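For reference, structure-v1.cif is printed below; it contains mmCIF, C-alpha atoms.
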```cif
data_data
#
loop_
_atom_site.group_PDB
_atom_site.id
_atom_site.type_symbol
_atom_site.label_atom_id
_atom_site.label_comp_id
_atom_site.auth_asym_id
_atom_site.auth_seq_id
_atom_site.Cartn_x
_atom_site.Cartn_y
_atom_site.Cartn_z
ATOM 1 C CA MET E 8 -20.612 39.317 168.045
ATOM 2 C CA GLU E 9 -18.324 41.095 170.553
ATOM 3 C CA HIS E 10 -14.503 41.385 170.786
ATOM 4 C CA GLY E 11 -13.726 43.190 173.967
ATOM 5 C CA ASP E 12 -15.339 46.569 174.021
ATOM 6 C CA SER E 13 -15.822 46.787 170.201
ATOM 7 C CA LYS E 14 -19.227 46.095 168.649
ATOM 8 C CA VAL E 15 -20.317 45.298 165.136
ATOM 9 C CA ASN E 16 -23.626 46.858 164.144
ATOM 10 C CA LEU E 17 -25.634 44.168 162.260
ATOM 11 C CA THR E 18 -28.500 46.500 161.402
ATOM 12 C CA PRO E 19 -28.348 47.237 157.614
ATOM 13 C CA PRO E 20 -28.010 50.856 156.659
ATOM 14 C CA MET E 21 -31.053 52.575 155.180
ATOM 15 C CA GLN E 22 -31.090 52.128 151.388
ATOM 16 C CA SER E 23 -31.819 54.816 148.880
ATOM 17 C CA PRO E 24 -35.242 54.406 147.112
ATOM 18 C CA ALA E 25 -33.580 54.849 143.691
ATOM 19 C CA PRO E 26 -32.625 51.156 143.181
ATOM 20 C CA ARG E 27 -36.175 50.059 144.042
ATOM 21 C CA VAL E 28 -37.627 52.392 141.450
ATOM 22 C CA LEU E 29 -35.159 51.037 138.919
ATOM 23 C CA ILE E 30 -36.135 47.442 139.698
ATOM 24 C CA VAL E 31 -39.854 48.239 139.308
ATOM 25 C CA ALA E 32 -39.234 50.017 136.000
ATOM 26 C CA VAL E 33 -37.251 47.070 134.656
ATOM 27 C CA GLY E 34 -40.044 44.707 135.720
ATOM 28 C CA ILE E 35 -42.691 46.761 133.928
ATOM 29 C CA CYS E 36 -40.609 46.869 130.744
ATOM 30 C CA ALA E 37 -40.132 43.120 130.880
ATOM 31 C CA LEU E 38 -43.883 42.609 131.300
ATOM 32 C CA ILE E 39 -44.635 44.875 128.320
ATOM 33 C CA ALA E 40 -42.128 42.963 126.195
ATOM 34 C CA VAL E 41 -43.737 39.616 127.090
ATOM 35 C CA VAL E 42 -47.224 40.921 126.260
ATOM 36 C CA SER E 43 -45.950 42.283 122.908
ATOM 37 C CA VAL E 44 -44.463 38.914 122.016
ATOM 38 C CA ILE E 45 -47.747 37.165 122.858
ATOM 39 C CA ILE E 46 -49.783 39.611 120.753
ATOM 40 C CA ALA E 47 -47.410 39.218 117.813
ATOM 41 C CA ALA E 48 -47.593 35.420 118.054
ATOM 42 C CA VAL E 49 -51.389 35.476 118.092
ATOM 43 C CA ALA E 50 -51.488 37.812 115.087
ATOM 44 C CA LEU E 51 -49.152 35.587 113.106
ATOM 45 C CA SER E 52 -51.203 32.483 113.928
ATOM 46 C CA ARG E 53 -54.459 33.962 112.614
ATOM 47 C CA PRO E 54 -55.558 32.920 109.119
ATOM 48 C CA SER E 55 -55.251 35.564 106.429
ATOM 49 C CA THR E 56 -58.313 37.744 106.058
ATOM 50 C CA PRO E 57 -59.969 37.779 102.630
ATOM 51 C CA ASN E 58 -60.073 40.981 100.645
ATOM 52 C CA ILE E 59 -63.814 41.234 100.283
ATOM 53 C CA THR E 60 -66.282 43.994 99.562
ATOM 54 C CA VAL E 61 -69.822 44.112 100.827
ATOM 55 C CA ASN E 62 -72.126 45.817 98.352
ATOM 56 C CA GLY E 63 -73.554 49.178 99.300
ATOM 57 C CA GLY E 64 -73.197 52.897 99.426
ATOM 58 C CA ASN E 65 -72.617 53.576 103.129
ATOM 59 C CA THR E 66 -69.067 52.705 104.045
ATOM 60 C CA GLN E 67 -67.662 51.453 107.306
ATOM 61 C CA THR E 68 -64.029 50.385 107.379
ATOM 62 C CA SER E 69 -63.306 46.945 108.762
ATOM 63 C CA SER E 70 -59.933 46.028 110.217
ATOM 64 C CA GLY E 71 -59.919 42.827 108.184
ATOM 65 C CA GLY E 72 -59.735 44.283 104.681
ATOM 66 C CA GLY E 73 -61.671 46.380 102.224
ATOM 67 C CA MET E 74 -65.214 46.030 103.444
ATOM 68 C CA THR E 75 -68.240 48.183 102.778
ATOM 69 C CA TYR E 76 -71.462 47.936 104.710
ATOM 70 C CA ASN E 77 -74.906 48.550 103.248
ATOM 71 C CA PRO E 78 -77.829 48.471 105.723
ATOM 72 C CA ALA E 79 -80.295 48.691 102.817
ATOM 73 C CA LEU E 80 -79.700 45.009 102.069
ATOM 74 C CA ALA E 81 -80.459 43.962 105.643
ATOM 75 C CA ALA E 82 -84.088 42.888 105.971
ATOM 76 C CA SER E 83 -86.045 43.013 109.194
ATOM 77 C CA SER E 84 -84.610 39.927 110.815
ATOM 78 C CA THR E 85 -86.601 37.107 112.339
ATOM 79 C CA SER E 86 -83.508 34.877 112.340
ATOM 80 C CA GLY E 87 -82.252 35.745 115.786
ATOM 81 C CA GLY E 88 -79.582 38.168 114.593
ATOM 82 C CA LYS E 89 -77.866 35.692 112.263
ATOM 83 C CA ILE E 90 -76.111 37.425 109.379
ATOM 84 C CA TRP E 91 -75.701 35.535 106.107
ATOM 85 C CA ASN E 92 -72.767 36.623 103.952
ATOM 86 C CA ILE E 93 -73.255 35.879 100.256
ATOM 87 C CA ALA E 94 -70.508 36.019 97.630
ATOM 88 C CA THR E 95 -71.108 37.378 94.141
ATOM 89 C CA GLY E 96 -68.788 38.207 91.264
ATOM 90 C CA HIS E 97 -68.891 40.899 88.600
ATOM 91 C CA ASP E 98 -68.367 39.135 85.258
ATOM 92 C CA PHE E 99 -71.660 37.465 84.338
ATOM 93 C CA THR E 100 -73.742 39.646 81.995
ATOM 94 C CA VAL E 101 -77.022 40.894 83.515
ATOM 95 C CA HIS E 102 -76.633 38.516 86.453
ATOM 96 C CA GLU E 103 -73.837 40.445 88.155
ATOM 97 C CA TYR E 104 -71.632 43.334 87.082
ATOM 98 C CA ILE E 105 -70.143 46.565 88.394
ATOM 99 C CA ASN E 106 -72.294 49.566 87.537
ATOM 100 C CA THR E 107 -71.201 53.061 86.564
ATOM 101 C CA THR E 108 -71.010 54.157 90.206
ATOM 102 C CA GLY E 109 -68.624 51.314 91.064
ATOM 103 C CA TYR E 110 -71.039 49.074 92.952
ATOM 104 C CA LEU E 111 -72.222 45.543 92.286
ATOM 105 C CA ALA E 112 -75.526 45.286 90.446
ATOM 106 C CA GLY E 113 -77.568 42.769 88.508
ATOM 107 C CA PHE E 114 -80.257 40.133 88.796
ATOM 108 C CA HIS E 115 -78.367 38.187 91.453
ATOM 109 C CA LEU E 116 -78.218 41.232 93.725
ATOM 110 C CA ASP E 117 -81.934 41.903 93.265
ATOM 111 C CA LEU E 118 -82.753 38.255 93.915
ATOM 112 C CA VAL E 119 -80.716 38.106 97.116
ATOM 113 C CA GLU E 120 -82.496 41.159 98.464
ATOM 114 C CA ALA E 121 -85.961 39.815 97.585
ATOM 115 C CA VAL E 122 -85.384 36.304 98.942
ATOM 116 C CA CYS E 123 -83.785 37.453 102.188
ATOM 117 C CA GLN E 124 -86.544 39.976 102.827
ATOM 118 C CA ALA E 125 -89.150 37.267 102.246
ATOM 119 C CA ALA E 126 -87.296 34.921 104.618
ATOM 120 C CA GLY E 127 -86.865 37.640 107.250
ATOM 121 C CA ALA E 128 -83.099 37.216 107.153
ATOM 122 C CA ASN E 129 -80.129 39.567 107.343
ATOM 123 C CA CYS E 130 -78.088 39.066 104.183
ATOM 124 C CA TYR E 131 -75.046 40.939 102.928
ATOM 125 C CA THR E 132 -73.595 40.533 99.453
ATOM 126 C CA ILE E 133 -69.822 40.324 99.210
ATOM 127 C CA TRP E 134 -67.684 40.607 96.097
ATOM 128 C CA ASP E 135 -64.912 38.085 95.774
ATOM 129 C CA SER E 136 -62.996 36.320 93.006
ATOM 130 C CA TYR E 137 -64.833 33.371 91.508
ATOM 131 C CA GLN E 138 -62.019 30.933 92.260
ATOM 132 C CA ASN E 139 -62.586 31.504 95.983
ATOM 133 C CA CYS E 140 -65.959 29.800 95.515
ATOM 134 C CA MET E 141 -64.804 26.963 93.246
ATOM 135 C CA ASP E 142 -61.276 26.455 91.988
ATOM 136 C CA SER E 143 -59.416 24.088 89.707
ATOM 137 C CA GLU E 144 -55.916 23.413 88.466
ATOM 138 C CA ILE E 145 -54.962 22.091 85.064
ATOM 139 C CA GLY E 146 -55.188 18.310 85.047
ATOM 140 C CA GLN E 147 -56.892 18.165 88.446
ATOM 141 C CA HIS E 148 -60.504 17.888 89.535
ATOM 142 C CA ALA E 149 -62.163 21.104 90.671
ATOM 143 C CA HIS E 150 -62.349 21.714 94.417
ATOM 144 C CA VAL E 151 -64.243 24.030 96.740
ATOM 145 C CA GLY E 152 -62.607 27.462 96.909
ATOM 146 C CA GLN E 153 -60.930 28.794 100.019
ATOM 147 C CA GLY E 154 -63.518 31.521 100.577
ATOM 148 C CA LEU E 155 -66.459 29.133 100.813
ATOM 149 C CA MET E 156 -64.607 26.349 102.603
ATOM 150 C CA ASP E 157 -62.960 28.664 105.161
ATOM 151 C CA ARG E 158 -66.304 30.401 105.910
ATOM 152 C CA TRP E 159 -65.423 33.825 104.563
ATOM 153 C CA TYR E 160 -69.077 33.684 103.481
ATOM 154 C CA ASP E 161 -72.009 31.280 103.671
ATOM 155 C CA ALA E 162 -72.942 30.913 100.016
ATOM 156 C CA CYS E 163 -71.878 31.671 96.458
ATOM 157 C CA THR E 164 -74.476 32.982 94.017
ATOM 158 C CA GLY E 165 -75.608 31.536 90.708
ATOM 159 C CA TRP E 166 -73.397 28.458 90.454
ATOM 160 C CA TYR E 167 -74.501 25.619 88.179
ATOM 161 C CA GLN E 168 -74.969 22.115 89.530
ATOM 162 C CA SER E 169 -72.923 19.152 88.310
ATOM 163 C CA VAL E 170 -72.392 15.565 89.378
ATOM 164 C CA SER E 171 -68.847 16.248 90.559
ATOM 165 C CA ARG E 172 -69.827 19.378 92.473
ATOM 166 C CA LEU E 173 -72.655 17.590 94.273
ATOM 167 C CA GLN E 174 -69.996 15.450 95.908
ATOM 168 C CA MET E 175 -68.412 18.559 97.420
ATOM 169 C CA VAL E 176 -71.154 21.148 98.057
ATOM 170 C CA SER E 177 -74.891 21.613 98.510
ATOM 171 C CA TYR E 178 -77.283 23.678 96.400
ATOM 172 C CA SER E 179 -80.488 25.603 96.798
ATOM 173 C CA LYS E 180 -83.355 25.259 94.377
ATOM 174 C CA PRO E 181 -82.163 26.543 90.975
ATOM 175 C CA PHE E 182 -83.461 29.916 89.795
ATOM 176 C CA THR E 183 -82.022 29.992 86.259
ATOM 177 C CA LYS E 184 -81.848 27.269 83.633
ATOM 178 C CA THR E 185 -78.742 25.445 82.487
ATOM 179 C CA ASP E 186 -76.767 26.601 79.452
ATOM 180 C CA GLU E 187 -75.244 24.508 76.707
ATOM 181 C CA VAL E 188 -71.507 24.881 76.076
ATOM 182 C CA TYR E 189 -69.827 25.574 72.718
ATOM 183 C CA PHE E 190 -66.398 26.017 71.234
ATOM 184 C CA TRP E 191 -65.562 29.627 70.330
ATOM 185 C CA TRP E 192 -62.644 30.709 68.174
ATOM 186 C CA LYS E 193 -61.369 33.951 66.716
ATOM 187 C CA LYS E 194 -63.536 35.213 63.895
ATOM 188 C CA GLY E 195 -61.812 34.961 60.539
ATOM 189 C CA THR E 196 -59.723 31.932 61.528
ATOM 190 C CA THR E 197 -60.422 28.229 61.061
ATOM 191 C CA PHE E 198 -60.963 25.588 63.746
ATOM 192 C CA ASN E 199 -62.014 21.967 63.261
ATOM 193 C CA GLU E 200 -64.685 21.561 65.902
ATOM 194 C CA ASN E 201 -64.919 17.823 65.177
ATOM 195 C CA ASP E 202 -61.295 17.056 66.013
ATOM 196 C CA ILE E 203 -59.431 18.782 68.851
ATOM 197 C CA THR E 204 -56.403 16.487 68.857
ATOM 198 C CA ASN E 205 -53.351 18.426 70.137
ATOM 199 C CA LYS E 206 -55.354 21.672 70.210
ATOM 200 C CA LYS E 207 -55.037 24.255 72.979
ATOM 201 C CA ILE E 208 -58.429 24.917 74.564
ATOM 202 C CA GLY E 209 -59.173 27.722 77.044
ATOM 203 C CA PHE E 210 -61.282 27.141 80.174
ATOM 204 C CA GLY E 211 -62.535 29.291 83.022
ATOM 205 C CA ASP E 212 -60.768 28.470 86.279
ATOM 206 C CA GLY E 213 -63.204 26.465 88.435
ATOM 207 C CA TRP E 214 -66.114 26.869 85.996
ATOM 208 C CA ILE E 215 -68.501 24.043 85.270
ATOM 209 C CA ASN E 216 -67.484 23.874 81.604
ATOM 210 C CA ASP E 217 -63.995 22.667 82.485
ATOM 211 C CA GLU E 218 -61.605 20.236 80.819
ATOM 212 C CA LYS E 219 -63.142 17.326 82.754
ATOM 213 C CA CYS E 220 -66.491 17.993 81.072
ATOM 214 C CA LEU E 221 -64.838 18.186 77.666
ATOM 215 C CA ALA E 222 -62.932 14.963 78.306
ATOM 216 C CA ARG E 223 -66.253 13.209 78.957
ATOM 217 C CA GLN E 224 -67.375 13.978 75.408
ATOM 218 C CA THR E 225 -65.987 10.665 74.137
ATOM 219 C CA SER E 226 -67.751 10.967 70.771
ATOM 220 C CA LEU E 227 -65.525 13.975 69.979
ATOM 221 C CA THR E 228 -62.221 13.093 68.318
ATOM 222 C CA GLY E 229 -59.336 14.263 70.468
ATOM 223 C CA SER E 230 -61.335 14.603 73.689
ATOM 224 C CA SER E 231 -58.497 12.858 75.517
ATOM 225 C CA SER E 232 -55.580 14.544 73.756
ATOM 226 C CA PHE E 233 -55.998 18.324 73.970
ATOM 227 C CA THR E 234 -54.072 20.845 76.074
ATOM 228 C CA ALA E 235 -55.975 22.848 78.688
ATOM 229 C CA VAL E 236 -55.206 26.515 79.382
ATOM 230 C CA HIS E 237 -56.898 28.296 82.293
ATOM 231 C CA ALA E 238 -58.049 31.880 82.785
ATOM 232 C CA GLN E 239 -59.962 33.544 85.613
ATOM 233 C CA THR E 240 -62.316 35.818 83.670
ATOM 234 C CA THR E 241 -64.149 35.890 80.357
ATOM 235 C CA ALA E 242 -62.023 38.853 79.296
ATOM 236 C CA GLN E 243 -58.881 36.827 79.867
ATOM 237 C CA LEU E 244 -60.320 33.910 77.892
ATOM 238 C CA ASN E 245 -61.152 36.168 74.971
ATOM 239 C CA ASN E 246 -57.647 37.613 75.083
ATOM 240 C CA LEU E 247 -56.173 34.106 74.932
ATOM 241 C CA VAL E 248 -58.051 33.244 71.753
ATOM 242 C CA GLN E 249 -57.612 36.648 70.109
ATOM 243 C CA THR E 250 -53.849 36.551 70.617
ATOM 244 C CA GLY E 251 -53.504 32.960 69.429
ATOM 245 C CA GLN E 252 -52.469 31.528 72.776
ATOM 246 C CA VAL E 253 -55.295 28.997 72.441
ATOM 247 C CA ASP E 254 -57.078 27.589 69.399
ATOM 248 C CA ALA E 255 -60.531 27.939 70.940
ATOM 249 C CA ILE E 256 -62.316 28.428 74.260
ATOM 250 C CA PHE E 257 -65.009 26.191 75.736
ATOM 251 C CA ASN E 258 -67.791 28.322 77.142
ATOM 252 C CA MET E 259 -71.479 29.233 77.352
ATOM 253 C CA PRO E 260 -73.099 31.821 75.062
ATOM 254 C CA ARG E 261 -74.373 33.843 77.987
ATOM 255 C CA THR E 262 -70.901 34.134 79.473
ATOM 256 C CA VAL E 263 -69.186 35.295 76.277
ATOM 257 C CA LYS E 264 -72.056 37.566 75.239
ATOM 258 C CA GLN E 265 -69.947 40.726 75.073
ATOM 259 C CA TYR E 266 -67.367 39.059 72.804
ATOM 260 C CA GLN E 267 -69.589 37.224 70.341
ATOM 261 C CA ASN E 268 -68.980 39.815 67.635
ATOM 262 C CA VAL E 269 -65.304 38.787 67.498
ATOM 263 C CA LEU E 270 -65.841 35.046 67.942
ATOM 264 C CA THR E 271 -67.204 32.177 65.859
ATOM 265 C CA ARG E 272 -69.356 29.561 67.599
ATOM 266 C CA SER E 273 -69.330 25.829 66.937
ATOM 267 C CA SER E 274 -72.428 24.232 65.457
ATOM 268 C CA LYS E 275 -72.510 21.504 68.089
ATOM 269 C CA SER E 276 -73.158 22.077 71.776
ATOM 270 C CA TYR E 277 -72.281 20.097 74.893
ATOM 271 C CA SER E 278 -73.883 19.694 78.305
ATOM 272 C CA CYS E 279 -71.854 20.061 81.491
ATOM 273 C CA ALA E 280 -74.546 20.849 84.085
ATOM 274 C CA ILE E 281 -77.377 18.887 85.645
ATOM 275 C CA GLY E 282 -78.968 21.903 87.294
ATOM 276 C CA GLY E 283 -79.132 25.639 86.676
ATOM 277 C CA GLY E 284 -77.910 28.662 88.613
ATOM 278 C CA SER E 285 -78.322 28.092 92.358
ATOM 279 C CA MET E 286 -76.913 29.137 95.699
ATOM 280 C CA MET E 287 -73.863 26.984 96.459
ATOM 281 C CA THR E 288 -72.934 26.233 100.068
ATOM 282 C CA ARG E 289 -70.859 23.971 102.257
ATOM 283 C CA LYS E 290 -72.565 20.703 103.072
ATOM 284 C CA ASP E 291 -72.792 21.594 106.767
ATOM 285 C CA SER E 292 -74.594 24.904 106.146
ATOM 286 C CA GLU E 293 -78.206 25.727 107.009
ATOM 287 C CA PHE E 294 -78.262 28.541 104.477
ATOM 288 C CA ASN E 295 -80.251 26.700 101.797
ATOM 289 C CA ALA E 296 -83.146 26.017 104.168
ATOM 290 C CA MET E 297 -83.483 29.753 104.758
ATOM 291 C CA TRP E 298 -83.015 30.549 101.075
ATOM 292 C CA ASN E 299 -85.532 27.993 99.778
ATOM 293 C CA SER E 300 -88.124 29.249 102.248
ATOM 294 C CA GLY E 301 -87.775 32.826 100.995
ATOM 295 C CA PHE E 302 -87.513 31.756 97.360
ATOM 296 C CA ASP E 303 -90.767 29.778 97.565
ATOM 297 C CA LYS E 304 -92.492 32.864 98.936
ATOM 298 C CA ILE E 305 -91.436 35.186 96.108
ATOM 299 C CA VAL E 306 -92.355 32.529 93.560
ATOM 300 C CA ALA E 307 -95.815 32.241 95.112
ATOM 301 C CA ASN E 308 -96.460 36.000 95.284
ATOM 302 C CA GLY E 309 -95.193 36.651 91.743
ATOM 303 C CA LYS E 310 -92.176 38.745 92.716
ATOM 304 C CA PHE E 311 -89.704 36.257 91.249
ATOM 305 C CA LYS E 312 -91.402 36.355 87.866
ATOM 306 C CA ALA E 313 -91.465 40.146 87.981
ATOM 307 C CA LEU E 314 -87.732 40.260 88.774
ATOM 308 C CA CYS E 315 -86.965 37.983 85.841
ATOM 309 C CA GLN E 316 -89.116 39.939 83.409
ATOM 310 C CA GLY E 317 -87.736 43.302 84.550
ATOM 311 C CA THR E 318 -84.048 42.403 84.485
ATOM 312 C CA GLY E 319 -83.507 43.232 80.796
ATOM 313 C CA ALA E 320 -84.842 46.748 81.160
ATOM 314 C CA LYS E 321 -83.094 47.359 84.475
ATOM 315 C CA HIS E 322 -79.687 45.786 83.895
ATOM 316 C CA GLY E 323 -79.439 45.098 80.170
ATOM 317 C CA SER E 324 -77.047 46.770 77.771
ATOM 318 C CA ASP E 325 -75.550 46.119 74.365
ATOM 319 C CA VAL E 326 -72.503 44.707 76.111
ATOM 320 C CA ARG E 327 -74.256 42.585 78.762
ATOM 321 C CA GLY E 328 -77.252 41.648 76.651
ATOM 322 C CA TYR E 329 -80.877 41.874 77.752
ATOM 323 C CA THR E 330 -82.010 38.295 78.299
ATOM 324 C CA LEU E 331 -82.317 36.163 81.396
ATOM 325 C CA ASP E 332 -83.402 32.525 81.334
ATOM 326 C CA CYS E 333 -85.174 31.970 84.644
ATOM 327 C CA VAL E 334 -86.630 28.629 85.663
ATOM 328 C CA ASP E 335 -90.304 28.068 84.883
ATOM 329 C CA THR E 336 -92.583 28.744 87.836
#
```
Output the structure of this file as structure tokens.
Amino acid sequence: MEHGDSKVNLTPPMQSPAPRVLIVAVGICALIAVVSVIIAAVALSRPSTPNITVNGGNTQTSSGGGMTYNPALAASSTSGGKIWNIATGHDFTVHEYINTTGYLAGFHLDLVEAVCQAAGANCYTIWDSYQNCMDSEIGQHAHVGQGLMDRWYDACTGWYQSVSRLQMVSYSKPFTKTDEVYFWWKKGTTFNENDITNKKIGFGDGWINDEKCLARQTSLTGSSSFTAVHAQTTAQLNNLVQTGQVDAIFNMPRTVKQYQNVLTRSSKSYSCAIGGGSMMTRKDSEFNAMWNSGFDKIVANGKFKALCQGTGAKHGSDVRGYTLDCVDT
């Protein structure tokens, strides 16, 4: 635009590069902030990782929680690289315990190694709390534990079969026989095993010998009018009865082996299981097909019988006992 001889220069003056650099820097910071928010949201949405321990001596830290890796338990795999994670506990006499070096040991560990080698499968044993395999709350029916249901592992080792459990899970062929269940009370005290009306009875949390099994014993006076108290381990159950918090506990001789010297056992026994110790899985799992294949092989070649016969000498102690009641083969 012109006004006489004067002119207005419409060409913008050259800008300093400093503002551009500032704009770019602000943009990068904003992008980093957005990415951080996304990462945080994803992390918060992930399910909690179980605190599990894989048996072995060679350690490799996992970002998910205390995990130890033992290549000795991995057989030469013909299963296409599939890894089967198997949960075991540490509170079941010669079946499973923690040895003097701090690692899991016992018949169950030996059996897992033998079966998986025979099946040509990669198997890793993982310690976890029993209630993460099968859990129960006082007054409620037992339910599948979070660890098994949420696929922290593929199977739980040595769980007895019952009618109620068969409606929730699947089982492999049993490898140990069933046990009868008894009342146990503090030695030197009295307990009327024929009438439990208004008595406090201790039960293992999620175990097969639970209050539902006791309530089915309709020939027992008071089977519908006792108070259930739960504990997670045999040691906790023994503490309950020794300190008078319960009148008696309802358990199997094999489970309370280390405490029998301070307990009195009832004369009558009860049955809670329809099948012995087995591998317990989700109903949608293919684990039992692999397991049964390997188990049949070690039964046929005599290795299973040898494992059973050698368990007392290998894993027995005055505390854990020396006996193992394997199925007949």
Residues selected by the PyMOL selection byres ((chain E and resi 198) around 12), written as a compact mmCIF listing (two decimals) with C-alpha atoms, keeping the file's coordinate frame:
```txt
# COMPACT_ATOMS: atom_id res chain seq x y z
CA PHE E 190 -66.40 26.02 71.23
CA TRP E 191 -65.56 29.63 70.33
CA TRP E 192 -62.64 30.71 68.17
CA LYS E 193 -61.37 33.95 66.72
CA LYS E 194 -63.54 35.21 63.90
CA GLY E 195 -61.81 34.96 60.54
CA THR E 196 -59.72 31.93 61.53
CA THR E 197 -60.42 28.23 61.06
CA ASN E 199 -62.01 21.97 63.26
CA GLU E 200 -64.68 21.56 65.90
CA ASN E 201 -64.92 17.82 65.18
CA ASP E 202 -61.30 17.06 66.01
CA ILE E 203 -59.43 18.78 68.85
CA THR E 204 -56.40 16.49 68.86
CA LYS E 206 -55.35 21.67 70.21
CA LYS E 207 -55.04 24.26 72.98
CA ILE E 208 -58.43 24.92 74.56
CA VAL E 248 -58.05 33.24 71.75
CA GLY E 251 -53.50 32.96 69.43
CA VAL E 253 -55.30 29.00 72.44
CA ASP E 254 -57.08 27.59 69.40
CA ALA E 255 -60.53 27.94 70.94
CA ILE E 256 -62.32 28.43 74.26
CA LEU E 270 -65.84 35.05 67.94
CA THR E 271 -67.20 32.18 65.86
CA ARG E 272 -69.36 29.56 67.60
CA SER E 273 -69.33 25.83 66.94
CA SER E 274 -72.43 24.23 65.46
```
Exercise for the section: Write out as a PyMOL selection string the residues lying within 10 Å of Phe302 (chain E), counting all atoms listed in the file and excluding same-chain residues fewer than 4 positions away. Expected result: chain E and resi 118-119+121-126+179-182+295-298+306-307+310-311
Can you tell me which residues surround region 280-286 of chain E at a distance of at most 6 Å, considering all atoms listed in the file, apart from same-chain residues fewer than 2 positions away, and format the answer as a JSON list (two decimals) with C-alpha atoms, in the frame of the given file?
```json
[["chain", "number", "residue", "atom", "x", "y", "z"],
["E", 163, "CYS", "CA", -71.88, 31.67, 96.46],
["E", 164, "THR", "CA", -74.48, 32.98, 94.02],
["E", 165, "GLY", "CA", -75.61, 31.54, 90.71],
["E", 166, "TRP", "CA", -73.40, 28.46, 90.45],
["E", 167, "TYR", "CA", -74.50, 25.62, 88.18],
["E", 168, "GLN", "CA", -74.97, 22.12, 89.53],
["E", 169, "SER", "CA", -72.92, 19.15, 88.31],
["E", 178, "TYR", "CA", -77.28, 23.68, 96.40],
["E", 179, "SER", "CA", -80.49, 25.60, 96.80],
["E", 181, "PRO", "CA", -82.16, 26.54, 90.98],
["E", 182, "PHE", "CA", -83.46, 29.92, 89.80],
["E", 183, "THR", "CA", -82.02, 29.99, 86.26],
["E", 184, "LYS", "CA", -81.85, 27.27, 83.63],
["E", 185, "THR", "CA", -78.74, 25.44, 82.49],
["E", 278, "SER", "CA", -73.88, 19.69, 78.31]]
```
Show me, as JSON, the centre and edge lengths in Å to one decimal of the axis-aligned box that covers every listed atom of region 257-272 of chain E with 3 Å on each side.
```
{"center_x": -69.7, "center_y": 33.5, "center_z": 72.7, "size_x": 15.4, "size_y": 20.5, "size_z": 19.6}
```
Handout entry: Two-atom distance - CA of Asp325 (chain E), CA of Gln265 (chain E) (Å)
Key = 7.8 Å
Completion exercise
With distances taken over only C-alpha atoms, the candidate from E:Val170, E:Cys333, E:Ala162, E:Leu221 nearest Cys315 (chain E) is E:Cys333
Practice task
Using all atoms listed in the file, pick whichever of E:Thr240, E:Gln153, E:Ser232, E:Asn205 has the shortest atom-to-atom distance to Gly96 (chain E).
Solution key: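 Closest to Gly96 (chain E), using all atoms listed in the file: E:Thr240.
Among E:Thr262, E:Ser143, E:Asn299, E:Ser324, the residue with the shortest atom-to-atom distance to Phe99 (chain E), counting only C-alpha atoms, is E:Thr262.
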Handout entry: Protein/DNA/RNA residues near (-78.1, 40.8, 109.0), cut 7 Å, only C-alpha atoms, as a ChimeraX atom specification
Key = /E:81,84,88-91,128-131
Handout entry: Point-to-point distance in Å for CA of Val263 (chain E) and CA of Gly211 (chain E)
Key =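 Distance between the two atoms: 11.2 Å.
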Exercise for the section: Using all atoms listed in the file, pick whichever of E:Thr330, E:Ser136, E:Ser292, E:Asn216 has the shortest atom-to-atom distance to Gly317 (chain E). Expected result: E:Thr330
